[in-house]
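**Q** Below: one structure in structure tokens.
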Amino acid sequence: MYFYIILYCVSCVSSGGGAAAGPRLNNNQLYKFSYTTEVLLDRTRGSKEGRAGYKISTNVDINLVWRDPSSKDNQLIQLAISNVRVEPASHRPQKKNVLHGSTAESVLGKTRLAALTKPFLVHLKNGKAKAFYSYWAEPAIIKNLKRGLASLLQVQLNTGKVVENDVSGRCTVEYKAVKGQVTRTKLLETCKAEETGFTTHSQVLGVSTKSSSVTVFTLEDGFIRSVVAEEAHSLAVNARRSAGAKVVSRQTLTLVGTEAGPLEAAGKDVAGVVKSIDAKLAAVGIVAEKVKSQCKGCPSLFEHWQAHQKQLEPASLSKTTAPRSFLALIQSIRKASKDEILKVLKSTSKTSLPQVVDAVTSSQTTASLDAMLEFLNFTDAKGLVLQERFLYACGFASHPNERMLQALLDILKGKIGSSDIKESVVIIMGALVHKLCQKGGCNLPTVMQVKKLILDGPDNTQVESEVQMYLLALKNSLLPEAIPIFTKYAESEVGAYNTIALTALQRYDVKLMTDEVKRTVNRVYHQNRRIYEKNVRVAAADVVFSSDPSYFEVKNLLLSIGNLPHEMNKYMVSKIQDLLRFQMPASKIINQVMKDMISHNYNRFAKVGSSSAFSGFMAQSADMTSTYSLDILYSGSGIMRRSNMNIYGASNGAVLHGLQVAIEAQGLESLIAATPDEGEEDLESFAGMSALLFDVQLRPVTFFKGYSDLMSKMFSMTGDPMNVVKGLILLTDHSEVIQLQSGLKASAEFQGGLAIDISGGMEISLWYRESKTSVNNRGALVVTGNLTVDMDFMRAGVEVSFETAASLDFITTVQFSEYPFLVCIQMDKATFPISEYLTKYESLSSGKSIVSRKSRKQLIPGSEFPLHQENSNMCKKVFDSSW
């Protein structure tokens, strides 16, 4: 009983006349404040021209309406806004001031201004806003501005963390109280709001955000004297941080004075008091509501397409106008209906239609996917180009959902007119499984269904092309469950299966490379169970080197040199030297092994030949490092067996496999009456190309297969390369709605578009005893970032962008008129420009607008990328006419 009395007394003190939990208002007193809220937009590092944005200044009268007799910290207060002014955020000349000559009424409109100045109520309990009372009929933007002011009054007078609801949503807030001052830090990453947006999962291609929100309360006698809040959000493209923008929101509330005010209302509870004041007042919630911005005078999708269609013709794909128009079209498609999209698809010219398919599919809305599925007829084999463009765009999707995967599964279950398209459907489904699993959707019903399909696929068919199809899909999926399947097929009797399985294993995290996987890969390299083709064995060696090899694994690889086929000896020596020179993870253990003279000696490391492996830097900056590697393996007869070109991008500790173009040739020795190498005596004549683009493996392309096909192609060869990938790709895709504490909302849209054209070819001249393989890469990149605050009656924003157009050619020339053969490899980069743009804009609903633009351009000189010195010496001989 005694303990109960103590508790009762403590509760009486805390709820009655004890220490205040939050600011308390006095009865019969009117508190007069000045209030300012401003929003500023600029590029991340600022600019000389000043920021875009605006400031709303008002007077605010606050008075106590009702207090709970049993708790002084349970208060209902009224706020009334008056004397509204709308001004530029910073001083600017008259010509650049969109608000010059305007009044609050002309900017907001009579209805909105009347709504803003209508009093509203806030229920404060222990310094927290328990309810916000306003009118349902008021415009959403006006209610949000009021919510921003109401949220500013939330404060607790003791240090600690707490979860609060305010205009931004439900957030964790940290308070620090010192004498006369309280600092409130909102942990923005914890906020739960309705509007979330989406982003690219890849860190290299993605956008980084940095946010902060700090409010400082100055108190006197337990009451607010001033509140200063500042919130900042910065967004930047990881690969180029200069393409970044920020929005800063500030609120200032200052007590100007007090005077006699209305008496406290009588009543038992808050709801009854509110009803007695105005029956139309309602608890509309403190969290901001969505604001639908209506675009007046904006062109329809069809009108937008008509303005941009010339830039999407094939002839423009190497120019930056193509990806810029592509990105603009995507933004328009995302707001369009299925019927509007179908109208554009049906009225587009045949030449620009593939590019429109890229844009519609990349939009990734329900309407765009429905339009594509209705437009394309997968039973028609003649529609292969458009069907494949649709599938590739699905594979490169920045934020795919389960419905997109289900659509591909439905296509597979239906009738497909082309076997190539069936292969692409399955291969791309693997890529979508990987992306959905990355987002935590590995257990979604459709994902589970497709996982079972591709995991069971290789063992459910005897058709070689179908086994390859499923293995490539698994290679894209990167499912840990697929590792035992790849381990099994790495030892297959079919060379194509071996290569796919081994190159797939190389893509996995080193931690997943079990002892069983390592034993299998070593068996393949050392041919413990059967004889393998050279390109299979070097693929196995690549897996060993990239999988945290042991001392003895590396020692055995080195000891094999000298006992390998002639060109493979040279390749392995070159590979080891490249790993050491480029400081790869295996370098340390290789150095240890090479201290042993039995493993490392002149007899092993002085092997001659044309095969090579070389890595180098393409570009290095504070934001991103780009590297290339070029591996070429020849047969003993001097004909290229495999060439593999890779480009990687690394940023923020993440690595992106930007490009891989692998060309393989086999069974061509009969053309020059040469003897095939061991294990390659019965290989069918074949040449083909496989491409991996932005971590997505694409369907391989065949140049020729079989001797008769080879001969017919040889006599019809024009030297023109065969297209491997051509189209427009949405690389960066970040969309976010940022709810500011002031009640305003910022919309962030960052998109990066790439127009790409990759082609490759193989030319053999028996007359000149020369072969030439070429891989030509053409690309134009545009990245734009747009940060906008749209209040419906006023809009301000900043756009940052950069663009470039570049080309990279890789040519291998082999002269086999005499032995040893002459081999020259060239990797050329043409001079290319990089342009950066900054645009700031402010506009009123009346149509009046101010736009400022700034640009900077630099030329990056062309160059021939360095390869090993032996190659340089050989190229001099090949192109020396006197030789």
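Residues in the structure tokens are named by chain (A, B, ... in the order shown) and by number from 1 within that chain; ligands are numbered from 1 in the order shown.
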For A:Phe750, please output as a ChimeraX atom specification all residues within 6 Å (counting only C-alpha atoms; exclusion window: fewer than 5 positions along the same chain).
**A** /A:733-734,784-785
**Q** What would the file look like if the residues just selected were written as a compact mmCIF listing (two decimals), in the first residue's frame with C-alpha atoms?
**A**
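Listed below is the output, out_3.txt:
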```txt
# COMPACT_ATOMS: atom_id res chain seq x y z
CA ASP A 733 17.47 4.99 -63.10
CA HIS A 734 16.73 6.69 -59.80
CA THR A 784 20.74 13.68 -66.46
CA GLY A 785 19.79 14.51 -62.91
```
**Q** From stretch 78-120 of chain A, collect each residue whose DSSP state is strand (DSSP E or B) and return the set as an MDAnalysis selection string.
**A** chainID A and resid 78:88 120
**Q** Please report, as a tab-separated table, each residue of stretch 222-274 of chain A lying at most 8 Å from stretch 612-635 of chain A, together with the nearest pair of atoms and the separation in Å rounded to one decimal; use only C-alpha atoms, and order rows by chain and ascending residue number.
**A**
```
residue	atom	partner	partner_atom	distance
A:Asn238	CA	A:Asp623	CA	6.5
A:Ala239	CA	A:Met624	CA	5.4
A:Arg240	CA	A:Asp623	CA	5.8
A:Arg241	CA	A:Asp623	CA	6.5
```
**Q** Go ahead and dump the residues you just picked, N, CA and C atoms, as an mmCIF file, in the first residue's frame.
**A**
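Listed below is the output, part.cif:
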```
data_model
loop_
_atom_site.group_PDB
_atom_site.id
_atom_site.type_symbol
_atom_site.label_atom_id
_atom_site.label_comp_id
_atom_site.auth_asym_id
_atom_site.auth_seq_id
_atom_site.Cartn_x
_atom_site.Cartn_y
_atom_site.Cartn_z
ATOM 1 N N ASN A 238 27.244 7.937 -58.943
ATOM 2 C CA ASN A 238 28.463 7.358 -58.376
ATOM 3 C C ASN A 238 29.652 7.433 -59.334
ATOM 4 N N ALA A 239 29.392 7.186 -60.602
ATOM 5 C CA ALA A 239 30.483 7.139 -61.577
ATOM 6 C C ALA A 239 31.027 8.518 -61.930
ATOM 7 N N ARG A 240 30.256 9.563 -61.633
ATOM 8 C CA ARG A 240 30.710 10.936 -61.913
ATOM 9 C C ARG A 240 30.002 11.883 -60.944
ATOM 10 N N ARG A 241 30.631 12.121 -59.827
ATOM 11 C CA ARG A 241 29.979 12.850 -58.743
ATOM 12 C C ARG A 241 29.735 14.326 -59.055
#
```
**Q** Show me a table, sorted first by chain and then by increasing residue number, of the residues of stretch 387-479 of chain A having an atom at most 8 Å from stretch 357-380 of chain A, each with its shortest atom pair and the distance in Å to one decimal, counting only C-alpha atoms and written as JSON lines.
**A**
```
{"residue": "A:Gln387", "atom": "CA", "partner": "A:Leu376", "partner_atom": "CA", "distance": 6.8}
{"residue": "A:Arg389", "atom": "CA", "partner": "A:Asp358", "partner_atom": "CA", "distance": 6.3}
{"residue": "A:Phe390", "atom": "CA", "partner": "A:Val357", "partner_atom": "CA", "distance": 6.2}
{"residue": "A:Ala393", "atom": "CA", "partner": "A:Asp358", "partner_atom": "CA", "distance": 5.9}
{"residue": "A:Cys394", "atom": "CA", "partner": "A:Thr361", "partner_atom": "CA", "distance": 6.7}
{"residue": "A:Ala397", "atom": "CA", "partner": "A:Ser362", "partner_atom": "CA", "distance": 6.1}
{"residue": "A:Ser398", "atom": "CA", "partner": "A:Ser362", "partner_atom": "CA", "distance": 7.9}
{"residue": "A:His399", "atom": "CA", "partner": "A:Gln364", "partner_atom": "CA", "distance": 7.7}
{"residue": "A:Pro400", "atom": "CA", "partner": "A:Gln364", "partner_atom": "CA", "distance": 7.0}
{"residue": "A:Met404", "atom": "CA", "partner": "A:Leu369", "partner_atom": "CA", "distance": 7.4}
{"residue": "A:Ala407", "atom": "CA", "partner": "A:Leu373", "partner_atom": "CA", "distance": 8.0}
{"residue": "A:Ile411", "atom": "CA", "partner": "A:Phe378", "partner_atom": "CA", "distance": 7.4}
{"residue": "A:Lys415", "atom": "CA", "partner": "A:Thr379", "partner_atom": "CA", "distance": 5.6}
{"residue": "A:Ile416", "atom": "CA", "partner": "A:Thr379", "partner_atom": "CA", "distance": 4.6}
{"residue": "A:Gly417", "atom": "CA", "partner": "A:Thr379", "partner_atom": "CA", "distance": 4.3}
{"residue": "A:Ser418", "atom": "CA", "partner": "A:Asp380", "partner_atom": "CA", "distance": 7.5}
```
**Q** Residues as selected, N, CA and C atoms, written as a short mmCIF file (atom, residue, chain, number, x, y, z; two decimals), in the first residue's frame, can you do that?
**A**
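As a result, part04.cif now contains:
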```cif
data_model
loop_
_atom_site.label_atom_id
_atom_site.label_comp_id
_atom_site.auth_asym_id
_atom_site.auth_seq_id
_atom_site.Cartn_x
_atom_site.Cartn_y
_atom_site.Cartn_z
N GLN A 387 11.47 -8.49 -81.13
CA GLN A 387 11.30 -9.39 -79.98
C GLN A 387 12.57 -9.44 -79.14
N ARG A 389 14.96 -7.14 -79.04
CA ARG A 389 15.18 -5.84 -78.41
C ARG A 389 14.34 -5.72 -77.13
N PHE A 390 13.11 -6.22 -77.18
CA PHE A 390 12.25 -6.23 -75.99
C PHE A 390 12.88 -7.08 -74.88
N ALA A 393 16.01 -5.42 -73.38
CA ALA A 393 15.63 -4.29 -72.52
C ALA A 393 15.10 -4.80 -71.18
N CYS A 394 14.42 -5.95 -71.18
CA CYS A 394 13.98 -6.58 -69.93
C CYS A 394 15.20 -7.00 -69.11
N ALA A 397 16.75 -4.16 -67.35
CA ALA A 397 15.80 -3.38 -66.54
C ALA A 397 16.43 -2.95 -65.22
N SER A 398 16.23 -1.69 -64.87
CA SER A 398 16.86 -1.13 -63.68
C SER A 398 16.17 -1.57 -62.39
N HIS A 399 14.85 -1.74 -62.44
CA HIS A 399 14.12 -2.16 -61.24
C HIS A 399 12.96 -3.08 -61.65
N PRO A 400 13.29 -4.27 -62.18
CA PRO A 400 12.24 -5.18 -62.66
C PRO A 400 11.37 -5.67 -61.50
N MET A 404 7.11 -8.66 -64.69
CA MET A 404 7.93 -8.73 -65.91
C MET A 404 8.46 -10.15 -66.11
N ALA A 407 5.69 -12.35 -67.29
CA ALA A 407 5.40 -12.12 -68.71
C ALA A 407 6.31 -12.97 -69.60
N ILE A 411 5.40 -16.11 -72.13
CA ILE A 411 5.87 -16.17 -73.53
C ILE A 411 6.50 -17.53 -73.80
N LYS A 415 3.54 -20.36 -77.88
CA LYS A 415 4.24 -20.74 -79.11
C LYS A 415 5.22 -19.63 -79.50
N ILE A 416 6.47 -20.01 -79.74
CA ILE A 416 7.50 -19.05 -80.16
C ILE A 416 7.98 -19.44 -81.55
N GLY A 417 7.93 -18.49 -82.48
CA GLY A 417 8.26 -18.80 -83.87
C GLY A 417 9.73 -19.01 -84.15
N SER A 418 10.62 -18.43 -83.32
CA SER A 418 12.06 -18.51 -83.57
C SER A 418 12.77 -19.21 -82.42
#
```
**Q** As number ranges by chain, please: the residues near stretch 829-838 of chain A (cut-off 8 Å, only C-alpha atoms, same-chain neighbours under 6 positions excluded).
**A** A: 43, 798-809, 853-865
**Q** Could you give me, as CSV, a per-residue list for stretch 248-303 of chain A showing, wherever an atom lies at most 8 Å from an atom of stretch 209-231 of chain A, the closest pair of atoms and their distance in Å to one decimal, using only C-alpha atoms and sorting by chain then residue number from low to high?
**A**
```
residue,atom,partner,partner_atom,distance
A:Val248,CA,A:Glu231,CA,5.7
A:Ser249,CA,A:Glu231,CA,5.1
A:Arg250,CA,A:Glu230,CA,4.5
A:Gln251,CA,A:Ala229,CA,5.1
A:Thr252,CA,A:Val228,CA,4.6
A:Leu253,CA,A:Val227,CA,5.0
A:Thr254,CA,A:Ser226,CA,4.3
A:Leu255,CA,A:Arg225,CA,5.2
```
**Q** Save the residues we just selected, all heavy atoms, as a CSV table (one decimal), in the first residue's frame?
**A**
```
chain,number,residue,atom,x,y,z
A,248,VAL,N,18.1,22.2,-50.3
A,248,VAL,CA,18.2,22.6,-48.9
A,248,VAL,C,16.9,23.3,-48.5
A,248,VAL,O,16.4,24.2,-49.2
A,248,VAL,CB,19.4,23.6,-48.7
A,248,VAL,CG1,19.5,24.1,-47.2
A,248,VAL,CG2,20.7,23.0,-49.1
A,249,SER,N,16.4,22.8,-47.4
A,249,SER,CA,15.1,23.4,-46.9
A,249,SER,C,15.4,24.0,-45.5
A,249,SER,O,16.0,23.4,-44.6
A,249,SER,CB,14.1,22.3,-46.8
A,249,SER,OG,12.9,22.8,-46.1
A,250,ARG,N,15.0,25.3,-45.3
A,250,ARG,CA,15.2,26.0,-44.0
A,250,ARG,C,13.8,26.5,-43.5
A,250,ARG,O,13.0,27.0,-44.3
A,250,ARG,CB,16.1,27.1,-44.2
A,250,ARG,CG,17.6,26.7,-44.6
A,250,ARG,CD,18.5,27.9,-44.4
A,250,ARG,NE,19.8,27.5,-44.8
A,250,ARG,CZ,20.5,28.1,-45.9
A,250,ARG,NH1,19.9,29.1,-46.5
A,250,ARG,NH2,21.7,27.8,-46.2
A,251,GLN,N,13.7,26.4,-42.2
A,251,GLN,CA,12.5,27.0,-41.5
A,251,GLN,C,13.0,27.8,-40.3
A,251,GLN,O,13.9,27.3,-39.6
A,251,GLN,CB,11.6,25.9,-41.0
A,251,GLN,CG,10.8,25.1,-42.1
A,251,GLN,CD,10.1,23.9,-41.5
A,251,GLN,OE1,10.7,22.9,-41.2
A,251,GLN,NE2,8.9,24.1,-41.2
A,252,THR,N,12.4,28.9,-40.1
A,252,THR,CA,12.8,29.8,-39.0
A,252,THR,C,11.5,30.3,-38.3
A,252,THR,O,10.7,30.9,-39.0
A,252,THR,CB,13.7,31.0,-39.4
A,252,THR,OG1,14.8,30.5,-40.2
A,252,THR,CG2,14.2,31.7,-38.2
A,253,LEU,N,11.4,30.1,-37.1
A,253,LEU,CA,10.2,30.5,-36.3
A,253,LEU,C,10.8,31.3,-35.1
A,253,LEU,O,11.5,30.8,-34.3
A,253,LEU,CB,9.4,29.3,-35.8
A,253,LEU,CG,8.1,29.7,-35.1
A,253,LEU,CD1,7.1,30.3,-36.0
A,253,LEU,CD2,7.5,28.4,-34.4
A,254,THR,N,10.4,32.6,-35.0
A,254,THR,CA,11.0,33.5,-34.0
A,254,THR,C,9.9,34.2,-33.3
A,254,THR,O,9.0,34.8,-33.9
A,254,THR,CB,11.9,34.6,-34.6
A,254,THR,OG1,12.9,33.9,-35.4
A,254,THR,CG2,12.6,35.4,-33.6
A,255,LEU,N,9.9,34.2,-31.9
A,255,LEU,CA,8.9,34.9,-31.1
A,255,LEU,C,9.2,36.4,-31.2
A,255,LEU,O,10.3,36.9,-30.8
A,255,LEU,CB,9.0,34.4,-29.7
A,255,LEU,CG,8.0,35.0,-28.7
A,255,LEU,CD1,6.6,34.5,-29.1
A,255,LEU,CD2,8.3,34.5,-27.3
```
**Q** Once you count only C-alpha atoms, what closest atom pair and distance in Å to one decimal does each residue of stretch 415-524 of chain A within 12 Å of stretch 534-550 of chain A have, with rows by chain and rising residue number, as CSV?
**A**
```
residue,atom,partner,partner_atom,distance
A:Thr487,CA,A:Ala540,CA,11.1
A:Tyr489,CA,A:Val536,CA,11.7
A:Ala490,CA,A:Ala540,CA,8.5
A:Glu491,CA,A:Val536,CA,9.7
A:Ser492,CA,A:Val536,CA,10.6
A:Glu493,CA,A:Val536,CA,10.9
A:Val494,CA,A:Val536,CA,10.1
A:Gly495,CA,A:Val536,CA,6.8
A:Ala496,CA,A:Val536,CA,8.5
A:Tyr497,CA,A:Val536,CA,9.4
A:Asn498,CA,A:Val536,CA,6.2
A:Thr499,CA,A:Val536,CA,5.5
A:Ile500,CA,A:Val536,CA,9.3
A:Ala501,CA,A:Ala539,CA,9.5
A:Leu502,CA,A:Ala540,CA,6.1
A:Thr503,CA,A:Ala539,CA,6.6
A:Ala504,CA,A:Val543,CA,9.3
A:Leu505,CA,A:Val543,CA,6.9
A:Gln506,CA,A:Val543,CA,5.2
A:Arg507,CA,A:Val543,CA,9.0
A:Tyr508,CA,A:Ser547,CA,9.0
A:Asp509,CA,A:Ser547,CA,8.3
A:Val510,CA,A:Ser547,CA,5.2
A:Lys511,CA,A:Ser547,CA,8.3
A:Leu512,CA,A:Ser547,CA,9.2
A:Met513,CA,A:Ser547,CA,6.7
A:Thr514,CA,A:Ser547,CA,9.5
A:Asp515,CA,A:Ser547,CA,10.5
A:Val517,CA,A:Val544,CA,9.8
A:Lys518,CA,A:Val544,CA,7.1
A:Arg519,CA,A:Val544,CA,9.6
A:Thr520,CA,A:Ala540,CA,9.2
A:Val521,CA,A:Ala540,CA,5.5
A:Asn522,CA,A:Ala540,CA,7.0
A:Arg523,CA,A:Ala540,CA,8.9
A:Val524,CA,A:Arg537,CA,6.4
```
**Q** Env of A:Gly760: 12 Å cut, atoms = only C-alpha atoms, seq-sep filter 5 positions within chain, self excluded. Answer as a PyMOL selection string.
**A** chain A and resi 643+645+661-664+687-691+700-703+719-726+772-778+808-812
**Q** Store the residues of this selection in a file with C-alpha atoms, as a tab-separated table (two decimals), in the first residue's frame.
**A**
```
chain	number	residue	atom	x	y	z
A	643	SER	CA	39.98	-13.86	-77.92
A	645	MET	CA	38.08	-8.61	-74.30
A	661	VAL	CA	33.23	-9.79	-76.11
A	662	ALA	CA	34.56	-13.30	-76.64
A	663	ILE	CA	35.29	-14.64	-80.12
A	664	GLU	CA	35.92	-18.36	-80.54
A	687	ALA	CA	33.36	-19.38	-85.34
A	688	GLY	CA	31.11	-17.29	-83.12
A	689	MET	CA	30.88	-14.45	-80.70
A	690	SER	CA	29.48	-14.14	-77.21
A	691	ALA	CA	28.76	-10.84	-75.47
A	700	PRO	CA	25.76	-15.93	-78.54
A	701	VAL	CA	26.05	-15.17	-82.27
A	702	THR	CA	27.37	-17.73	-84.77
A	703	PHE	CA	29.51	-16.57	-87.73
A	719	GLY	CA	34.72	-7.81	-94.35
A	720	ASP	CA	31.73	-6.03	-92.82
A	721	PRO	CA	31.25	-6.88	-89.14
A	722	MET	CA	28.19	-8.74	-87.88
A	723	ASN	CA	25.98	-6.91	-85.38
A	724	VAL	CA	26.05	-8.34	-81.83
A	725	VAL	CA	24.25	-5.67	-79.81
A	726	LYS	CA	22.59	-2.53	-81.06
A	772	LYS	CA	41.54	-10.63	-89.31
A	773	THR	CA	39.08	-10.46	-86.42
A	774	SER	CA	37.51	-7.20	-85.36
A	775	VAL	CA	35.31	-6.00	-82.52
A	776	ASN	CA	33.92	-2.49	-82.98
A	777	ASN	CA	32.28	-0.71	-80.05
A	778	ARG	CA	30.40	2.54	-80.59
A	808	LEU	CA	36.72	1.55	-79.19
A	809	ASP	CA	38.06	-0.81	-81.86
A	810	PHE	CA	39.85	-4.08	-81.24
A	811	ILE	CA	41.49	-5.63	-84.32
A	812	THR	CA	43.66	-8.75	-84.53
```
**Q** One number please: atom CA of A:Val385 to atom CA of A:Arg699, in Å, one decimal.
**A**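 Atom-to-atom, atom CA of A:Val385 and atom CA of A:Arg699 are spaced 12.9 Å apart.
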**Q** Contacts of stretch 322-325 of chain A at 7 Å or less, counting only C-alpha atoms, minus same-chain residues fewer than 2 places along, as an MDAnalysis selection string?
**A** chainID A and resid 308 311:312 316:317 319:320 327:329 728 753:755 780:782
**Q** For the residues in the current selection, export N, CA, C and O atoms as a PDB file, in the first residue's frame.
**A**
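After the write, again-v8.pdb holds the following:
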```pdb
ATOM      1  N   HIS A 308      10.721  13.927 -81.210  1.00  0.00           N
ATOM      2  CA  HIS A 308      11.994  13.241 -80.963  1.00  0.00           C
ATOM      3  C   HIS A 308      12.311  12.115 -81.947  1.00  0.00           C
ATOM      4  O   HIS A 308      13.402  11.543 -81.889  1.00  0.00           O
ATOM      5  N   GLN A 311      15.701  11.828 -83.892  1.00  0.00           N
ATOM      6  CA  GLN A 311      16.905  11.525 -83.107  1.00  0.00           C
ATOM      7  C   GLN A 311      17.040  10.030 -82.805  1.00  0.00           C
ATOM      8  O   GLN A 311      18.084   9.576 -82.354  1.00  0.00           O
ATOM      9  N   LEU A 312      15.960   9.268 -83.037  1.00  0.00           N
ATOM     10  CA  LEU A 312      16.007   7.830 -82.745  1.00  0.00           C
ATOM     11  C   LEU A 312      16.093   6.977 -83.998  1.00  0.00           C
ATOM     12  O   LEU A 312      15.914   5.763 -83.946  1.00  0.00           O
ATOM     13  N   SER A 316      21.398   8.141 -86.125  1.00  0.00           N
ATOM     14  CA  SER A 316      21.716   9.029 -84.992  1.00  0.00           C
ATOM     15  C   SER A 316      22.210   8.285 -83.756  1.00  0.00           C
ATOM     16  O   SER A 316      22.519   8.908 -82.740  1.00  0.00           O
ATOM     17  N   LEU A 317      22.267   6.957 -83.825  1.00  0.00           N
ATOM     18  CA  LEU A 317      22.567   6.185 -82.620  1.00  0.00           C
ATOM     19  C   LEU A 317      23.983   6.369 -82.090  1.00  0.00           C
ATOM     20  O   LEU A 317      24.270   6.007 -80.963  1.00  0.00           O
ATOM     21  N   LYS A 319      25.281   9.332 -81.876  1.00  0.00           N
ATOM     22  CA  LYS A 319      25.323  10.711 -81.368  1.00  0.00           C
ATOM     23  C   LYS A 319      24.608  10.805 -80.019  1.00  0.00           C
ATOM     24  O   LYS A 319      23.727   9.999 -79.717  1.00  0.00           O
ATOM     25  N   THR A 320      24.972  11.817 -79.234  1.00  0.00           N
ATOM     26  CA  THR A 320      24.376  11.965 -77.909  1.00  0.00           C
ATOM     27  C   THR A 320      22.909  12.391 -77.969  1.00  0.00           C
ATOM     28  O   THR A 320      22.189  12.256 -76.981  1.00  0.00           O
ATOM     29  N   LEU A 327      15.878   9.189 -73.136  1.00  0.00           N
ATOM     30  CA  LEU A 327      15.543   9.461 -71.734  1.00  0.00           C
ATOM     31  C   LEU A 327      14.296  10.335 -71.622  1.00  0.00           C
ATOM     32  O   LEU A 327      13.436  10.107 -70.761  1.00  0.00           O
ATOM     33  N   ALA A 328      14.194  11.329 -72.501  1.00  0.00           N
ATOM     34  CA  ALA A 328      13.019  12.210 -72.482  1.00  0.00           C
ATOM     35  C   ALA A 328      11.758  11.425 -72.823  1.00  0.00           C
ATOM     36  O   ALA A 328      10.692  11.632 -72.230  1.00  0.00           O
ATOM     37  N   LEU A 329      11.891  10.490 -73.779  1.00  0.00           N
ATOM     38  CA  LEU A 329      10.745   9.680 -74.185  1.00  0.00           C
ATOM     39  C   LEU A 329      10.303   8.752 -73.052  1.00  0.00           C
ATOM     40  O   LEU A 329       9.101   8.562 -72.822  1.00  0.00           O
ATOM     41  N   LEU A 728      19.370   0.954 -77.387  1.00  0.00           N
ATOM     42  CA  LEU A 728      19.425   1.955 -76.327  1.00  0.00           C
ATOM     43  C   LEU A 728      19.180   1.273 -74.986  1.00  0.00           C
ATOM     44  O   LEU A 728      18.261   0.465 -74.851  1.00  0.00           O
ATOM     45  N   GLY A 753      21.258   7.125 -70.070  1.00  0.00           N
ATOM     46  CA  GLY A 753      20.928   6.348 -71.263  1.00  0.00           C
ATOM     47  C   GLY A 753      22.154   6.136 -72.133  1.00  0.00           C
ATOM     48  O   GLY A 753      22.982   7.035 -72.302  1.00  0.00           O
ATOM     49  N   LEU A 754      22.268   4.939 -72.683  1.00  0.00           N
ATOM     50  CA  LEU A 754      23.406   4.591 -73.540  1.00  0.00           C
ATOM     51  C   LEU A 754      22.910   4.094 -74.884  1.00  0.00           C
ATOM     52  O   LEU A 754      22.088   3.171 -74.954  1.00  0.00           O
ATOM     53  N   ALA A 755      23.382   4.727 -75.939  1.00  0.00           N
ATOM     54  CA  ALA A 755      23.152   4.212 -77.291  1.00  0.00           C
ATOM     55  C   ALA A 755      24.389   3.395 -77.644  1.00  0.00           C
ATOM     56  O   ALA A 755      25.512   3.923 -77.603  1.00  0.00           O
ATOM     57  N   ALA A 780      27.225   6.182 -77.187  1.00  0.00           N
ATOM     58  CA  ALA A 780      26.950   7.572 -76.794  1.00  0.00           C
ATOM     59  C   ALA A 780      26.195   7.522 -75.475  1.00  0.00           C
ATOM     60  O   ALA A 780      25.202   6.808 -75.347  1.00  0.00           O
ATOM     61  N   LEU A 781      26.685   8.254 -74.484  1.00  0.00           N
ATOM     62  CA  LEU A 781      26.120   8.212 -73.138  1.00  0.00           C
ATOM     63  C   LEU A 781      25.628   9.585 -72.714  1.00  0.00           C
ATOM     64  O   LEU A 781      26.309  10.590 -72.908  1.00  0.00           O
ATOM     65  N   VAL A 782      24.431   9.615 -72.141  1.00  0.00           N
ATOM     66  CA  VAL A 782      23.889  10.841 -71.557  1.00  0.00           C
ATOM     67  C   VAL A 782      23.340  10.506 -70.174  1.00  0.00           C
ATOM     68  O   VAL A 782      22.583   9.545 -70.014  1.00  0.00           O
TER      69      VAL A 782
END
```
**Q** Running DSSP on the backbone, which parts of stretch 546-628 of chain A land in alpha helix (DSSP H), as a PyMOL selection string?
**A** chain A and resi 546+551-560+566-581+587-593+602-605
**Q** Which residues are close to stretch 54-64 of chain A, i.e. within 6 Å by only C-alpha atoms, leaving aside same-chain residues fewer than 5 positions away? Reply as a PyMOL selection string.
**A** chain A and resi 25+27+30-39+77-89
**Q** Between A:Met874, A:Val270, A:Val162, A:Ile330, which one has atoms that come closest to A:Leu730, using only C-alpha atoms?
**A**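 Result for the nearest residue to A:Leu730: A:Ile330.
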**Q** Taking only C-alpha atoms into account, name the residue in A:Gly285, A:Gly649, A:Gly562, A:Gly160 that is nearest to A:Phe605.
**A** A:Gly562
**Q** Using Å and a single decimal, report how far atom CA of A:Val237 sits from atom CA of A:Ser208.
**A**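 Atom-to-atom, atom CA of A:Ser208 to atom CA of A:Val237, that is 6.4 Å.
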